[in-house]
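Source file final15.tsv; content: TSV, C-alpha atoms.
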chain	number	residue	atom	x	y	z
A	1	MET	CA	-32.14	-16.72	12.58
A	2	ALA	CA	-28.35	-16.42	12.79
A	3	PHE	CA	-26.65	-13.11	12.15
A	4	ASN	CA	-25.34	-13.01	8.58
A	5	TYR	CA	-22.01	-11.36	9.22
A	6	LYS	CA	-21.07	-11.43	5.53
A	7	LYS	CA	-23.81	-8.90	4.81
A	8	SER	CA	-22.88	-6.62	7.71
A	9	ILE	CA	-21.28	-3.25	7.12
A	10	THR	CA	-18.70	-3.89	9.82
A	11	PHE	CA	-17.55	-7.07	8.03
A	12	ARG	CA	-17.22	-5.10	4.78
A	13	LEU	CA	-15.29	-2.44	6.70
A	14	VAL	CA	-12.87	-5.06	8.05
A	15	GLN	CA	-12.40	-6.56	4.60
A	16	ALA	CA	-11.79	-3.12	3.07
A	17	ALA	CA	-9.28	-2.30	5.84
A	18	LYS	CA	-7.41	-5.56	5.21
A	19	ALA	CA	-7.29	-4.90	1.47
A	20	GLN	CA	-6.15	-1.32	2.07
A	21	ARG	CA	-3.39	-2.43	4.41
A	22	ALA	CA	-2.15	-5.10	1.99
A	23	ARG	CA	-2.19	-2.70	-0.96
A	24	SER	CA	-0.57	0.04	1.12
A	25	GLY	CA	2.09	-2.43	2.21
A	26	ALA	CA	2.91	-3.22	-1.41
A	27	HIS	CA	3.33	0.47	-2.25
A	28	LEU	CA	5.37	1.17	0.89
A	29	MET	CA	7.63	-1.82	0.34
A	30	ARG	CA	8.79	-0.20	-2.91
A	31	ILE	CA	10.16	2.73	-0.90
A	32	GLY	CA	11.59	0.61	1.92
A	33	LEU	CA	8.88	1.04	4.55
A	34	HIS	CA	6.39	-1.17	6.37
A	35	PRO	CA	2.77	-0.12	7.05
A	36	GLY	CA	2.65	2.24	10.01
A	37	GLN	CA	6.16	3.58	9.56
A	38	GLU	CA	4.93	6.13	7.03
A	39	LEU	CA	2.60	7.57	9.65
A	40	VAL	CA	5.52	8.26	11.98
A	41	LEU	CA	7.24	10.14	9.18
A	42	LYS	CA	4.08	12.09	8.31
A	43	VAL	CA	3.41	13.04	11.94
A	44	LEU	CA	6.99	14.25	12.32
A	45	ALA	CA	6.74	16.14	9.02
A	46	ASP	CA	3.77	17.98	10.52
A	47	THR	CA	5.50	18.68	13.85
A	48	ASP	CA	9.11	17.64	14.12
A	49	GLY	CA	10.73	17.02	17.51
A	50	ARG	CA	7.90	15.21	19.24
A	51	THR	CA	8.46	13.12	22.34
A	52	MET	CA	7.76	9.39	22.26
A	53	SER	CA	4.58	9.97	24.28
A	54	GLN	CA	3.40	12.64	21.86
A	55	LEU	CA	4.06	10.31	18.94
A	56	ALA	CA	2.15	7.47	20.63
A	57	LEU	CA	-0.81	9.77	21.21
A	58	ALA	CA	-0.77	11.15	17.67
A	59	LEU	CA	-0.57	7.65	16.17
A	60	GLY	CA	-3.09	6.08	18.54
A	61	VAL	CA	-0.72	3.32	19.64
A	62	GLN	CA	1.00	2.25	22.84
A	63	PRO	CA	4.43	3.72	23.73
A	64	PRO	CA	6.29	0.39	23.27
A	65	THR	CA	4.99	0.26	19.70
A	66	VAL	CA	6.36	3.74	19.02
A	67	THR	CA	9.69	2.79	20.58
A	68	LYS	CA	9.99	-0.18	18.22
A	69	MET	CA	8.96	1.87	15.18
A	70	VAL	CA	11.33	4.74	15.99
A	71	THR	CA	14.19	2.30	16.63
A	72	ARG	CA	13.69	0.72	13.20
A	73	LEU	CA	13.32	4.08	11.44
A	74	SER	CA	16.41	5.34	13.24
A	75	SER	CA	18.46	2.33	12.13
A	76	GLN	CA	17.36	3.07	8.55
A	77	GLY	CA	18.54	6.67	8.93
A	78	TYR	CA	15.09	8.28	8.57
A	79	VAL	CA	14.76	9.69	12.11
A	80	ARG	CA	17.05	10.52	15.00
A	81	ARG	CA	16.46	10.69	18.72
A	82	GLN	CA	17.85	13.55	20.71
A	83	VAL	CA	17.81	13.88	24.48
A	84	SER	CA	16.12	17.09	25.60
A	85	ASP	CA	18.44	19.89	26.70
A	86	THR	CA	16.09	20.82	29.55
A	87	ASP	CA	15.02	17.34	30.74
A	88	GLY	CA	17.43	14.44	30.37
A	89	ARG	CA	14.56	11.96	30.78
A	90	LEU	CA	12.89	13.15	27.58
A	91	ALA	CA	13.96	12.16	24.10
A	92	ARG	CA	12.63	14.00	21.10
A	93	VAL	CA	12.38	12.43	17.65
A	94	TYR	CA	13.37	14.38	14.53
A	95	LEU	CA	13.30	13.60	10.84
A	96	THR	CA	16.67	13.38	9.18
A	97	ASP	CA	17.19	14.94	5.75
A	98	VAL	CA	16.83	11.46	4.24
A	99	GLY	CA	13.59	10.96	6.19
A	100	ARG	CA	12.26	14.32	5.03
A	101	GLU	CA	12.98	13.33	1.41
A	102	LEU	CA	11.19	10.02	1.97
A	103	VAL	CA	8.02	11.86	3.02
A	104	VAL	CA	7.69	12.99	-0.61
A	105	SER	CA	7.68	9.33	-1.70
A	106	VAL	CA	5.16	8.51	1.04
A	107	ASP	CA	2.87	11.21	-0.32
A	108	LYS	CA	3.15	9.75	-3.83
A	109	ALA	CA	2.36	6.26	-2.51
A	110	TRP	CA	-0.67	7.57	-0.61
A	111	LYS	CA	-1.94	9.43	-3.67
A	112	ARG	CA	-1.58	6.28	-5.76
A	113	LEU	CA	-3.41	4.23	-3.14
A	114	GLU	CA	-6.17	6.84	-2.91
A	115	ARG	CA	-6.66	6.74	-6.70
A	116	GLU	CA	-6.84	2.94	-6.66
A	117	ALA	CA	-9.22	2.79	-3.71
A	118	MET	CA	-11.57	5.47	-5.05
A	119	SER	CA	-11.63	4.22	-8.64
A	120	GLY	CA	-15.20	4.22	-9.94
A	121	LEU	CA	-16.48	6.67	-7.31
A	122	ASP	CA	-17.41	10.20	-8.32
A	123	ASP	CA	-16.58	13.23	-6.18
A	124	LYS	CA	-20.01	13.26	-4.53
A	125	ASP	CA	-19.68	9.60	-3.48
A	126	ARG	CA	-16.14	10.17	-2.21
A	127	LYS	CA	-17.25	13.09	-0.08
A	128	LYS	CA	-20.20	11.08	1.29
A	129	LEU	CA	-17.98	8.07	2.02
A	130	ARG	CA	-15.45	10.26	3.85
A	131	LYS	CA	-18.23	11.73	5.97
A	132	LEU	CA	-19.78	8.34	6.71
A	133	LEU	CA	-16.43	6.85	7.70
A	134	ARG	CA	-15.79	9.77	10.06
A	135	GLN	CA	-19.15	9.02	11.69
A	136	VAL	CA	-18.36	5.30	11.97
A	137	GLU	CA	-15.00	6.18	13.53
A	138	LYS	CA	-16.71	8.52	15.97
A	139	ASN	CA	-19.34	5.90	16.84
A	140	LEU	CA	-16.71	3.25	17.47
A	141	SER	CA	-14.60	5.62	19.54
A	142	ILE	CA	-17.41	6.04	22.08
A	143	SER	CA	-16.75	3.97	25.15
A	144	VAL	CA	-19.12	1.00	25.40
A	145	ASP	CA	-19.31	1.51	29.16
A	146	ASN	CA	-20.71	5.01	28.64
A	147	ASP	CA	-23.26	3.94	26.03
A	148	PRO	CA	-26.71	3.37	27.57
A	149	GLU	CA	-27.87	1.63	24.39
A	150	HIS	CA	-25.16	-1.03	24.84
A	151	GLU	CA	-27.43	-3.02	27.18
A	152	ALA	CA	-29.80	-3.59	24.27
A	153	ASP	CA	-27.09	-5.70	22.63
A	154	PHE	CA	-27.52	-8.25	25.41
A	155	ASP	CA	-31.33	-8.30	25.33
A	156	THR	CA	-32.27	-11.87	24.45
A	157	ASP	CA	-36.02	-11.31	24.83
A	158	GLY	CA	-36.19	-9.52	21.47
A	159	ASP	CA	-38.03	-6.52	22.88
A	160	ALA	CA	-39.89	-5.15	19.84
A	161	ALA	CA	-40.35	-1.69	21.35
A	162	ALA	CA	-36.61	-1.24	21.90
A	163	GLU	CA	-35.91	-2.52	18.41
A	164	ALA	CA	-38.42	-0.08	16.90
A	165	GLU	CA	-36.88	2.77	18.90
A	166	GLY	CA	-33.44	1.82	17.61
A	167	LYS	CA	-34.70	1.81	14.02
A	168	GLU	CA	-36.20	5.26	14.51
A	169	LYS	CA	-32.87	6.55	15.81
A	170	ASP	CA	-31.10	4.99	12.82
A	171	LYS	CA	-33.52	6.70	10.44
A	172	ALA	CA	-32.96	10.03	12.20
A	173	LYS	CA	-29.19	9.63	11.89
A	174	GLU	CA	-29.49	8.76	8.19
A	175	LYS	CA	-31.62	11.87	7.60
A	176	GLU	CA	-29.11	13.97	9.52
A	177	LEU	CA	-26.19	12.61	7.49
A	178	SER	CA	-27.94	13.04	4.17
A	179	ALA	CA	-28.97	16.60	5.01
A	180	ALA	CA	-25.40	17.66	5.74

Written as structure tokens, that's how I'd like the structure from this file.
Amino acid sequence: MAFNYKKSITFRLVQAAKAQRARSGAHLMRIGLHPGQELVLKVLADTDGRTMSQLALALGVQPPTVTKMVTRLSSQGYVRRQVSDTDGRLARVYLTDVGRELVVSVDKAWKRLEREAMSGLDDKDRKKLRKLLRQVEKNLSISVDNDPEHEADFDTDGDAAAEAEGKEKDKAKEKELSAA
């Protein structure tokens, strides 16, 4: 039987991520930003004066992506680059006063998006969802090369014992998550 991707959790996750990004984009457009730019502002609001490499690491993107984002934000007057006094090869990125003011609007947009996304979910469900998503993120952050169970994905013999073992592990994880 073929894998029914439409019933998979990962498909639902992708669809939810697409909807979130589109809705986020609509809110951000109202304040003159594109998705992703608000994260640069938030990261700098947390720790101003980061290097491009530090920003790339904090955002989980490649340095050329940060360069492009910072260039656009700089042209809009939200951030400024300053060459380091101690090392001329390093440039640090700082929020401008206008950028700092925009962070307040970003927070409002995020709060609005959070309300919309969590509509119909009570506090208990929200907490559980947050915890489950952290676990999914952690699971997907594990390198496939370092995962001994990855070989089972390529098993075409349909080894029932391996499948049963996998189900037992899944049950144990579910118990662990529900107990916490």

d(CA of Ala109 (chain A), CA of Ile31 (chain A)) in Å =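 Calculated distance between CA of Ala109 (chain A) and CA of Ile31 (chain A) is 8.7 Å.
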
query = If you measure from CA of Gln62 (chain A) to CA of Ser8 (chain A), what distance in Å do you get, rounded to one decimal?
reply = 29.6 Å

query = In Å to one decimal, how far is CA of Val83 (chain A) from CA of Gly32 (chain A)?
reply =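 Distance reported for this atom pair: 26.9 Å.
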
task = Would you mind telling me which residue in A:Thr47, A:Ser84, A:Val93, A:Arg100 lies nearest to Val66 (chain A) when using all atoms listed in the file?
result =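 Residue with the minimum atom-to-atom distance to Val66 (chain A): A:Val93.
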
Mind giving me the axis-aligned box for region 87-104 of chain A with 8 Å on every side, centre plus edges in Å to one decimal, as lines of an AutoDock Vina configuration file?
center_x = 12.6
center_y = 13.7
center_z = 15.1
size_x = 25.7
size_y = 23.3
size_z = 47.4

message = Residues within 12 Å of Ile9 (chain A), please, as a list of chain:residue names. Count all atoms listed in the file; anything in the same chain fewer than 6 positions from it doesn't count.
response =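 Neighbouring residues, sequence-local ones excluded: A:Gln15, A:Ala16, A:Leu132, A:Leu133, A:Val136.
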
task = Find the residues near Leu90 (chain A): any atom within 10 Å, counting all atoms listed in the file, skip ones fewer than 2 places away on the same chain, and give them as a list in words.
result = Arg50, Thr51, Met52, Ser53, Arg81, Gln82, Val83, Ser84, Asp85, Thr86, Asp87, Gly88, Arg92 and Val93 of chain A

query = Using only C-alpha atoms, which of the listed residues (A:Val79, A:Ala45, A:Leu102, A:Val40) sits closest to Val61 (chain A)?
reply =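 Using only C-alpha atoms, Val61 (chain A) sits closest to A:Val40.
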
task = Could you check which of A:Glu38, A:Asp125, A:Glu116, A:Glu137 is closest to Arg23 (chain A), using all atoms listed in the file?
result =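 Result for the nearest residue to Arg23 (chain A): A:Glu116.
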
query = Using only C-alpha atoms, which of A:Lys128, A:Lys138, A:His27, A:Arg80 sits nearest Ser105 (chain A)?
reply =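 When distances to Ser105 (chain A) are compared using only C-alpha atoms, the smallest one comes from A:His27.
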
message = From the options A:Asn139, A:Ser24, A:Thr65, A:Gln37, which residue's atoms come nearest to Lys108 (chain A), counting only C-alpha atoms?
response = A:Ser24

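Here the question is which of A:Leu113, A:Val43, A:Met1, A:Leu33 gets nearest to Gln76 (chain A) using all atoms listed in the file, and that residue is A:Leu33.
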